[in-house]
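Heads up, the thing below is written out as structure tokens.
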Amino acid sequence: MNYNHNKFSEKSLSSIFLLKLSKVDWLIILSVIILGFVGVTSLYSASGGNWEPWAKNHLIRLSFGLTLMLILAFMPPNLFFKFSVISFCLGILLLILVKFTGTGNVQRWIKISGINFQPSEFMKLALILILAKYFDHISRVQLEKLTTYIIPLCLIILPGFLVISQPDLGTGLTIILLGLAILFFVGISMKFVIISILIVTSSIPFIWNQLYDYQKNRILVFLNPEMDSLGSGYQIIQSKIAIGSGGFFGKGYLLGSQSRLNYLPEKHTDFIFTLISEELGFLGSISIILVFCILIVSIMKISFRVVPLFSKVVVFGIGFLLFLYLSLNIGMVCGLLPVVGAPLPLISYGGTSLLTVLIGIGIVLSINIHDKKYYEISNIY
Amino acid sequence: MKNKSQKTLEKTISKRFFLLSIFKGFVVGAIGWRFFDLQMVENRKYEKLSDENQFNYHMIPPERGRILDRKMRLLAGNMDGFSLVLNWDKNTNVDDVIKKILTVININKKDLKNFNYKINSEKKNISKQILITKKLSQKDVSKLAVRNIEFPEISFSMTKKRVYPQGIIAGHITGYIGPYSEQDTQTKVNPVSSWLEVGKTGLEKFFDSDLRGKFGRKRNEVTSRGHVIASQIYEDTVSGNDVQTSLDMGLQAFAIERFERGNNTLVSTENKNIKKHIIKTKNVSYVNKEYVYLDKKNRIVNPQSGSLIVMDVENGEILCCISSPGYDPNIFSEDLETNKWNNLKNNSRSPLLNRSMSGVYPPGSTIKMAVALAALEGGLIDFNTKFYCNGSKELGTSTFHCWAKDGHGLLNLAEAIEQSCDVYFYELGLKVGIDKIALMMNKLGLGQYYDVEINDKSKGVVPNIEWKLKRDGLKWSLGETLNASIGQGYILTTPLQLATMVSRIANGKSSISPTLMINNDVNRFEPLKINPQHIEFIKKSMERVVTGKNGTARNYKIGSKGFEMAGKTGTVQVVRISEAEREKGLIKNEDRPWQKRDHALFVGYAPASKPKYSISVVVEHGGSGSSIAAPIARDVFKYIFKI
């Protein structure tokens with residue numbers, strides 16, 4: 001990783017800024033703003049047409065996050081390269097700390113100067129950065145050796161299990177899946193992939209025994225929601241009712257009966273998409289999924305284009321993280337996946353995940369702006 | 001400066017990138033398909049489920065129509081009742097609340113049992129209103145309302161309770177209502193409203209759809225925790241229509257009192273001697289609590305049982321229709337206790353039976369007008385045909401007796417009716433034959449149903465040759481004709497049929513049929529098609545029953561000119577009297593056990609000169625028609641004409 005800044009040294013700071021500005025991927029920023037706006041309006045509806053208690057906070061967090069995102073976008077990617085190891089170590093430290101000082105009946109949050117936040121969310125970014133740095137650092141020849149993957153696997157499994165033991169199966173699985181996807185991306189051999197899939201499937205009974213009762217229950221109820229229609233299956237059943245009753249055009253904004261009459265649990269966090277589907281119908285749901293797809297595809301395009309391995313892996317990781325968030329959350333609310341507790345990025349109420357996603361996109365934007373190829377092309381003009 | 005390995009790396013990454021993109025596309029496609037399935041394909045199903053979540057539908061019962069008599073007096077109406085309701089949710093300590101309530105008011109055990117059952121079967125965690133009791137008096141309501149701070153969990157709701165202010169007097173006519181059950185499926189009501197009350201008998205049943213009205217519907221919007229946040233009526237209730245009957249409750253009340261008394265005397269139970277007497281008497285099963293009846297021999301007896309009907313001979317309106325013993329329909333408006341019900345059901349005098357329309361009796365001598373008319377219409381006799389009565393009639397090996405042991409001598413038709421000579425009618429019967437007699441009986445309204453507004457009725461029996469062949473496969477014998485000629489044997493009639501018969505004779509022109517509705521349309525009846533001269537002759541003969549010097553009812557004249565009644569008595573043997581018994585001399589009626597005594601009947605009309613009302617009186621095991629049924633009829637007419 002070595003970016004040559006000398007070519008610009010003669011130019012004034014403002015002209016550099018303007019040049020950078022022209023490189024910004026506006027489609028990404030537009031999608032993020034649209035989704036954030038959808039989040040605010042949905043939360044306004046979730047509280048029955050009130051700014052309190054969620055919509056206002058979300059708006060404030062969103063403005064803060066967007067600012068942070070833009071600031072990061074103009075930072076040189078070197079910065080993230082440098083900070084990757086530190087951030088990972090810090091993440092692990094916080095995850096261990098949360099075990100002891102965590103608040104809430106499940107130890108997921110840590111309190112720093114009055115603000116609750118979830119280290120497991122930041123861990124996702126830290127994992128992407130450290131894996132990218134590792135693969136960039138390793139001699140490129142060694143990527144074909146299996147032993148190369150021992151350290152990354154440890155890097156994945158350590159935070160993964162720390163999070164699962166909080167207990168937070170959803171986030172833990174997201175971290176592990178994210179890590180594995182990156183390993184797959186950089187070219188781990190297909191043989192190994194197939195063998196490890198076999199190992200995992202054969203170890204399912206063992207994992208099953210390690211799960212908490214409520215986690216087992218969630219999976220059982222996922223397989224048959226009617227098993228416990230008033231207990232654990234309630235969420236899935238009511239969520240499906242809400243989505244299904246929305247129809248093509250929906251019941252209308254602020255008019256979702258399922259959410260208004262409290263049939264939807266967690267309607268402001270994990271089940272926010274159910275509320276949107278009920279009120280805005282198939283049209284609204286598909287449009288929002290489409291915006292997400294545009295965002296993810298734009299990110300993936302950058303990943304495809306950039307040359308340095310670090311940048312490539314980081315952008316892919318963040319894109320894939322968004323995809324994981326999206327598919328886990330929406331798959332969960334429509335009953336395709338078990339209820340594992342995954343927020344919908346940018347829309348669900350919750351500061352940490354919002355900030356994580358915006359920081360991640362900030363990094364992507366930064367990599368895009370400072371892409372070498374771009375400079376070269378831009379210099380022609 | 002790309003080396004070979006770097007190129008392969010880029011190749012691999014591109015390949016992996018491609019594979020992962022396909023995977024992502026597949027996942028997004030699956031989600032899209034899922035939403036299409038949920039929101040477009042199965043939209044209807046989920047819309048319905050959502051609606052069920054959002055709304056709670058309540059049926060609002062309409063107010064049931066009233067039943068009124070001809071002077072708009074109330075036979076059946078509604079009274080406000082109060083129900084006690086528990087606003088239950090899973091945190092309620094039910095036992096504590098009930099204990100607290102019981103310190104203030106009493107709740108009957110059956111209601112508490114039902115309530116506990118309901119609570120225990122409540123599995124959902126959703127809060128709900130659960131009925132504790134329906135029977136809350138005004139006093140209980142105020143007692144609880146004053147202390148409502150202590151009872152935040154309970155609330156009251158208004159309900160309508162069916163009341164029958166006339167009580168026992170018209171119980172058989174009004175009938176009663178009860179909870180809807182599967183048996184009432186012909187009424188076609190929504191099974192959701194299973195607590196709906198429908199008419200079970202009497203007018204309540206016949207006019208159920210008119211009286212019931214239309215249910216309204218209320219839609220409550222409820223949250224997942226069962227709190228009602230909005231409520232709207234979306235179908236209005238339509239109250240039931242009132243039904244006005246032709247009954248006159250003043251007459252009904254007088255008649256039942258007079259009928260039940262018979263020839264006995266009414267004594268208050270306050271009397272000390274009577275109190276002792278009551279304790280000793282055991283076979284009296286139907287004692288009113290305030291008074292008892294003493295017969296001529298100072299025995300405590302039951303009220304007379306049987307039926308009395310007063311009909312308008314011009315339009316068929318039933319003014320009075322009693323059946324004794326009766327029951328109080330009000331007891332069905334509350335939850336009927338089992339022993340009360342069993343008492344009614346198993347009582348030897350069957351108070352639940354509506355004798356006026358469902359009870360069947362041999363008509364006895366009251367049938368003689370029909371036999372005489374059959375003979376006259378057939379041209380087999382004229383007004384002066386005479387027969388000799390020596391007290392009995394021999395037919396083959398058997399002897400058929402006249403009620404007068406020594407016979408009536410030579411008499412004509414008018415005299416035979418006046419004195420109710422049996423032998424004369426044996427001769428007539430033989431001359432006319434059973435088939436012609438049966439035809440005349442049918443013409444006069446016997447052996448058939450009427451369109452009267454009560455569902456449960458009996459058809460009675462009018463026997464003929466074919467009937468017997470069909471029933472028993474046996475030939476009709478002449479002896480049976482003789483029995484039929486004096487209203488004994490197979491022939492059975494209801495008191496309403498007897499009243500109809502006498503109304504048709506009294507009217508003379510139309511085939512009057514009975515109705516419980518006010519109906520001024522006289523033209524709805526078909527013509528009677530009997531020679532008016534013959535009718536006139538029979539009517540004159542019936543007058544002689546009361547006014548003639550040998551008339552069987554000569555002791556019970558109304559005694560007011562222009563209002564005199566005409567009629568015919570009847571005494572029906574219940575047990576066969578053997579020749580040996582006859583030799584020994586008959587045991588007096590009142591000395592026989594009640595069940596073996598004769599039925600006493602009287603049919604008649606008044607005023608004789610210009611018939612207006614007809615009457616039929618059947619006193620079960622009352623003795624002779626002339627001694628008990630005729631005076632009752634006379635007193636009822638006296639009441640009607642205010643003499």
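Identifiers for the structure tokens are assigned positionally: chains receive A, B, ... in sequence, residues are indexed from 1 per chain, and ligands are indexed from 1 in the order shown.
Contacts from chain A to chain B at a cut-off of 7 Å (only C-alpha atoms) map to Arg140, Val141, Phe185, Val186, Gly187, Ile241, Ala242, Ile243, Gly244, Ser245, Gly246, Gly247, Phe248, Ser257, Gln258, Leu261, Asn262, Tyr263, Phe282, Ile286 and Gly331 of chain A.
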Write a file of the selected residues as a PDB file, in the first residue's frame, keeping N, CA and C atoms.
```
ATOM      1  N   ARG A 140       1.576 -12.749  -1.572  1.00  0.00           N
ATOM      2  CA  ARG A 140       0.442 -13.152  -2.379  1.00  0.00           C
ATOM      3  C   ARG A 140       0.502 -14.605  -2.824  1.00  0.00           C
ATOM      4  N   VAL A 141       1.774 -15.147  -2.849  1.00  0.00           N
ATOM      5  CA  VAL A 141       1.925 -16.541  -3.256  1.00  0.00           C
ATOM      6  C   VAL A 141       1.286 -17.467  -2.221  1.00  0.00           C
ATOM      7  N   PHE A 185     -13.800 -15.208  -0.537  1.00  0.00           N
ATOM      8  CA  PHE A 185     -13.553 -14.178  -1.540  1.00  0.00           C
ATOM      9  C   PHE A 185     -12.098 -14.154  -1.977  1.00  0.00           C
ATOM     10  N   VAL A 186     -11.171 -14.231  -0.977  1.00  0.00           N
ATOM     11  CA  VAL A 186      -9.763 -14.108  -1.345  1.00  0.00           C
ATOM     12  C   VAL A 186      -9.216 -15.402  -1.929  1.00  0.00           C
ATOM     13  N   GLY A 187     -10.035 -16.424  -1.978  1.00  0.00           N
ATOM     14  CA  GLY A 187      -9.614 -17.574  -2.763  1.00  0.00           C
ATOM     15  C   GLY A 187      -9.224 -18.808  -1.990  1.00  0.00           C
ATOM     16  N   ILE A 241     -48.642 -11.924   9.338  1.00  0.00           N
ATOM     17  CA  ILE A 241     -49.988 -11.361   9.178  1.00  0.00           C
ATOM     18  C   ILE A 241     -49.884  -9.903   8.725  1.00  0.00           C
ATOM     19  N   ALA A 242     -48.988  -9.170   9.405  1.00  0.00           N
ATOM     20  CA  ALA A 242     -48.850  -7.753   9.087  1.00  0.00           C
ATOM     21  C   ALA A 242     -48.384  -7.568   7.646  1.00  0.00           C
ATOM     22  N   ILE A 243     -47.356  -8.337   7.264  1.00  0.00           N
ATOM     23  CA  ILE A 243     -46.825  -8.198   5.906  1.00  0.00           C
ATOM     24  C   ILE A 243     -47.886  -8.587   4.894  1.00  0.00           C
ATOM     25  N   GLY A 244     -48.497  -9.765   5.123  1.00  0.00           N
ATOM     26  CA  GLY A 244     -49.476 -10.283   4.173  1.00  0.00           C
ATOM     27  C   GLY A 244     -50.676  -9.381   4.010  1.00  0.00           C
ATOM     28  N   SER A 245     -51.100  -8.776   5.133  1.00  0.00           N
ATOM     29  CA  SER A 245     -52.301  -7.943   5.053  1.00  0.00           C
ATOM     30  C   SER A 245     -52.020  -6.613   4.368  1.00  0.00           C
ATOM     31  N   GLY A 246     -50.737  -6.303   4.162  1.00  0.00           N
ATOM     32  CA  GLY A 246     -50.402  -5.044   3.499  1.00  0.00           C
ATOM     33  C   GLY A 246     -50.861  -5.000   2.047  1.00  0.00           C
ATOM     34  N   GLY A 247     -50.802  -6.145   1.392  1.00  0.00           N
ATOM     35  CA  GLY A 247     -51.241  -6.186  -0.003  1.00  0.00           C
ATOM     36  C   GLY A 247     -50.281  -5.430  -0.920  1.00  0.00           C
ATOM     37  N   PHE A 248     -50.761  -4.988  -2.044  1.00  0.00           N
ATOM     38  CA  PHE A 248     -49.877  -4.356  -3.024  1.00  0.00           C
ATOM     39  C   PHE A 248     -49.548  -2.916  -2.635  1.00  0.00           C
ATOM     40  N   SER A 257     -52.597  -1.490  11.164  1.00  0.00           N
ATOM     41  CA  SER A 257     -53.318  -1.866  12.388  1.00  0.00           C
ATOM     42  C   SER A 257     -52.476  -2.784  13.255  1.00  0.00           C
ATOM     43  N   GLN A 258     -51.726  -3.667  12.635  1.00  0.00           N
ATOM     44  CA  GLN A 258     -50.930  -4.614  13.427  1.00  0.00           C
ATOM     45  C   GLN A 258     -49.919  -3.882  14.304  1.00  0.00           C
ATOM     46  N   LEU A 261     -51.758  -1.446  17.006  1.00  0.00           N
ATOM     47  CA  LEU A 261     -52.413  -2.111  18.130  1.00  0.00           C
ATOM     48  C   LEU A 261     -51.459  -3.046  18.869  1.00  0.00           C
ATOM     49  N   ASN A 262     -50.150  -2.829  18.629  1.00  0.00           N
ATOM     50  CA  ASN A 262     -49.120  -3.563  19.375  1.00  0.00           C
ATOM     51  C   ASN A 262     -49.104  -5.061  19.149  1.00  0.00           C
ATOM     52  N   TYR A 263     -49.495  -5.486  17.962  1.00  0.00           N
ATOM     53  CA  TYR A 263     -49.358  -6.912  17.686  1.00  0.00           C
ATOM     54  C   TYR A 263     -47.933  -7.250  17.260  1.00  0.00           C
ATOM     55  N   PHE A 282     -46.521  -4.175  -0.920  1.00  0.00           N
ATOM     56  CA  PHE A 282     -45.511  -4.840  -1.738  1.00  0.00           C
ATOM     57  C   PHE A 282     -44.667  -3.814  -2.481  1.00  0.00           C
ATOM     58  N   ILE A 286     -40.658  -3.659  -1.845  1.00  0.00           N
ATOM     59  CA  ILE A 286     -39.753  -3.983  -2.941  1.00  0.00           C
ATOM     60  C   ILE A 286     -38.901  -2.765  -3.311  1.00  0.00           C
ATOM     61  N   GLY A 331     -35.210 -11.669   5.804  1.00  0.00           N
ATOM     62  CA  GLY A 331     -35.512 -13.099   5.822  1.00  0.00           C
ATOM     63  C   GLY A 331     -36.184 -13.498   7.115  1.00  0.00           C
TER      64      GLY A 331
END
```
For Leu344 of chain A: contacts at 7 Å, only C-alpha atoms, fewer than 6 positions along chain excluded, given as an MDAnalysis selection string: chainID A and resid 270 325:326 329
Nearest candidate to Gln215 of chain A (options A:Gly362, A:Pro152, A:Gly91, A:Gly341; using only C-alpha atoms):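 Using only C-alpha atoms, Gln215 of chain A sits closest to A:Gly341.
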Who sits within 9 Å of Met332 of chain A, only C-alpha atoms, same chain under 4 positions skipped, as a PyMOL selection string: chain A and resi 236+270-271+327-328+336-342
Neighbour list for Cys321 of chain B as a list in words, cut-off 7 Å, only C-alpha atoms, skip fewer than 3 positions in-chain: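 Residues near the query, excluding close chain neighbours: Gln252, Leu308, Ile309, Val310, Ile318 and Ser356 of chain B.
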Contact residues around Asn298 of chain B with only C-alpha atoms at 12 Å, ignoring same-chain residues under 5 positions, as JSON, numbers by chain: {"B": [264, 265, 266, 267, 273, 274, 277, 278, 281, 292, 293, 590]}
Long-range neighbours of Asp140 of chain B as a PyMOL selection string, 12 Å cut-off, only C-alpha atoms, 2 positions minimum in chain: chain B and resi 81-84+101-107+133-138+142-147+156
Exercise: Lys205 of chain B partners within 12 Å, only C-alpha atoms, chain neighbours under 5 positions left out, as number ranges by chain: B: 67, 172-178, 180, 184, 186-187, 197-200, 210-212, 453-456
Those residues with N, CA and C atoms, as an mmCIF file, in the first residue's frame please?
```cif
data_model
loop_
_atom_site.group_PDB
_atom_site.id
_atom_site.type_symbol
_atom_site.label_atom_id
_atom_site.label_comp_id
_atom_site.auth_asym_id
_atom_site.auth_seq_id
_atom_site.Cartn_x
_atom_site.Cartn_y
_atom_site.Cartn_z
ATOM 1 N N ILE B 67 -95.753 -9.164 24.099
ATOM 2 C CA ILE B 67 -96.990 -9.858 23.760
ATOM 3 C C ILE B 67 -98.098 -9.201 24.584
ATOM 4 N N HIS B 172 -99.319 -21.179 29.360
ATOM 5 C CA HIS B 172 -99.331 -22.072 28.207
ATOM 6 C C HIS B 172 -99.448 -21.322 26.892
ATOM 7 N N ILE B 173 -100.075 -20.151 26.941
ATOM 8 C CA ILE B 173 -100.264 -19.398 25.707
ATOM 9 C C ILE B 173 -99.000 -18.620 25.356
ATOM 10 N N THR B 174 -98.456 -17.879 26.330
ATOM 11 C CA THR B 174 -97.253 -17.103 26.025
ATOM 12 C C THR B 174 -96.082 -18.033 25.749
ATOM 13 N N GLY B 175 -96.015 -19.131 26.493
ATOM 14 C CA GLY B 175 -94.843 -19.979 26.385
ATOM 15 C C GLY B 175 -93.688 -19.314 27.091
ATOM 16 N N TYR B 176 -92.483 -19.732 26.783
ATOM 17 C CA TYR B 176 -91.332 -19.123 27.437
ATOM 18 C C TYR B 176 -90.157 -19.142 26.478
ATOM 19 N N ILE B 177 -89.099 -18.431 26.861
ATOM 20 C CA ILE B 177 -87.913 -18.421 26.007
ATOM 21 C C ILE B 177 -86.775 -19.118 26.728
ATOM 22 N N GLY B 178 -85.816 -19.549 25.982
ATOM 23 C CA GLY B 178 -84.663 -20.204 26.570
ATOM 24 C C GLY B 178 -83.484 -20.036 25.654
ATOM 25 N N TYR B 180 -80.740 -20.482 22.944
ATOM 26 C CA TYR B 180 -80.754 -21.122 21.644
ATOM 27 C C TYR B 180 -79.979 -22.432 21.704
ATOM 28 N N ASP B 184 -83.074 -25.866 17.724
ATOM 29 C CA ASP B 184 -83.826 -24.752 17.150
ATOM 30 C C ASP B 184 -83.292 -24.346 15.790
ATOM 31 N N GLN B 186 -84.146 -24.612 12.887
ATOM 32 C CA GLN B 186 -85.054 -24.075 11.878
ATOM 33 C C GLN B 186 -85.153 -22.562 11.986
ATOM 34 N N THR B 187 -84.741 -22.008 13.124
ATOM 35 C CA THR B 187 -84.791 -20.556 13.263
ATOM 36 C C THR B 187 -83.596 -19.878 12.596
ATOM 37 N N GLU B 197 -81.501 -15.903 23.057
ATOM 38 C CA GLU B 197 -82.644 -16.594 23.620
ATOM 39 C C GLU B 197 -83.753 -16.643 22.588
ATOM 40 N N VAL B 198 -84.316 -17.809 22.416
ATOM 41 C CA VAL B 198 -85.387 -17.981 21.447
ATOM 42 C C VAL B 198 -86.612 -18.559 22.131
ATOM 43 N N GLY B 199 -87.768 -18.358 21.489
ATOM 44 C CA GLY B 199 -89.006 -18.886 22.028
ATOM 45 C C GLY B 199 -88.991 -20.401 21.997
ATOM 46 N N LYS B 200 -89.406 -21.000 23.088
ATOM 47 C CA LYS B 200 -89.375 -22.454 23.160
ATOM 48 C C LYS B 200 -90.761 -23.063 22.977
ATOM 49 N N ASP B 210 -90.742 -12.758 14.491
ATOM 50 C CA ASP B 210 -91.306 -11.408 14.598
ATOM 51 C C ASP B 210 -90.847 -10.726 15.877
ATOM 52 N N LEU B 211 -90.903 -11.485 16.954
ATOM 53 C CA LEU B 211 -90.615 -10.900 18.265
ATOM 54 C C LEU B 211 -89.135 -10.587 18.429
ATOM 55 N N ARG B 212 -88.304 -11.398 17.777
ATOM 56 C CA ARG B 212 -86.877 -11.315 18.066
ATOM 57 C C ARG B 212 -86.245 -10.013 17.601
ATOM 58 N N GLU B 453 -102.289 -20.102 16.471
ATOM 59 C CA GLU B 453 -100.900 -19.647 16.551
ATOM 60 C C GLU B 453 -100.090 -20.310 17.665
ATOM 61 N N ILE B 454 -100.277 -21.581 17.830
ATOM 62 C CA ILE B 454 -99.495 -22.353 18.797
ATOM 63 C C ILE B 454 -98.990 -23.572 18.043
ATOM 64 N N ASN B 455 -97.711 -23.871 18.221
ATOM 65 C CA ASN B 455 -97.157 -24.957 17.419
ATOM 66 C C ASN B 455 -97.617 -26.345 17.844
ATOM 67 N N ASP B 456 -97.689 -26.543 19.154
ATOM 68 C CA ASP B 456 -98.013 -27.882 19.625
ATOM 69 C C ASP B 456 -99.517 -28.046 19.772
#
```
Filtered DSSP result for segment 148-270 of chain A, state helix (DSSP H, G or I), as a PyMOL selection string: chain A and resi 148-164+169-186+190-202+204-210+213-223+225-228+233-246+257-260
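Each of A:Ile296, A:Leu59, A:Ile28, A:Leu125 was checked against Ser353 of chain A using only C-alpha atoms; the smallest atom-to-atom distance is that of A:Leu125.
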Coordinates-based distance that separates atom CA of Asp312 of chain B from atom CA of Met357 of chain B (Å, one decimal): 16.8 Å
Those in segment 83-272 of chain B with strand (DSSP E) from DSSP, as number ranges by chain: B: 83-88, 128-136, 154-163, 177-179, 197-199, 216-222, 228-235, 243-244, 265-268
Among listed residues B:Ile132, B:Leu86, B:Ile587, B:Ile98, nearest Ile154 of chain B (using only C-alpha atoms): B:Leu86
Best match for closeness to Leu322 of chain A among A:Tyr149, A:Leu180, A:Val32, A:Trp26, counting only C-alpha atoms: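 Among A:Tyr149, A:Leu180, A:Val32, A:Trp26, it is A:Val32 that comes nearest to Leu322 of chain A.
Between atom CA of Gly306 of chain B and atom CA of Gly567 of chain B the separation is 18.5 Å.
What separates atom CA of Thr171 of chain A from atom CA of Ser120 of chain A is a distance of 7.0 Å.
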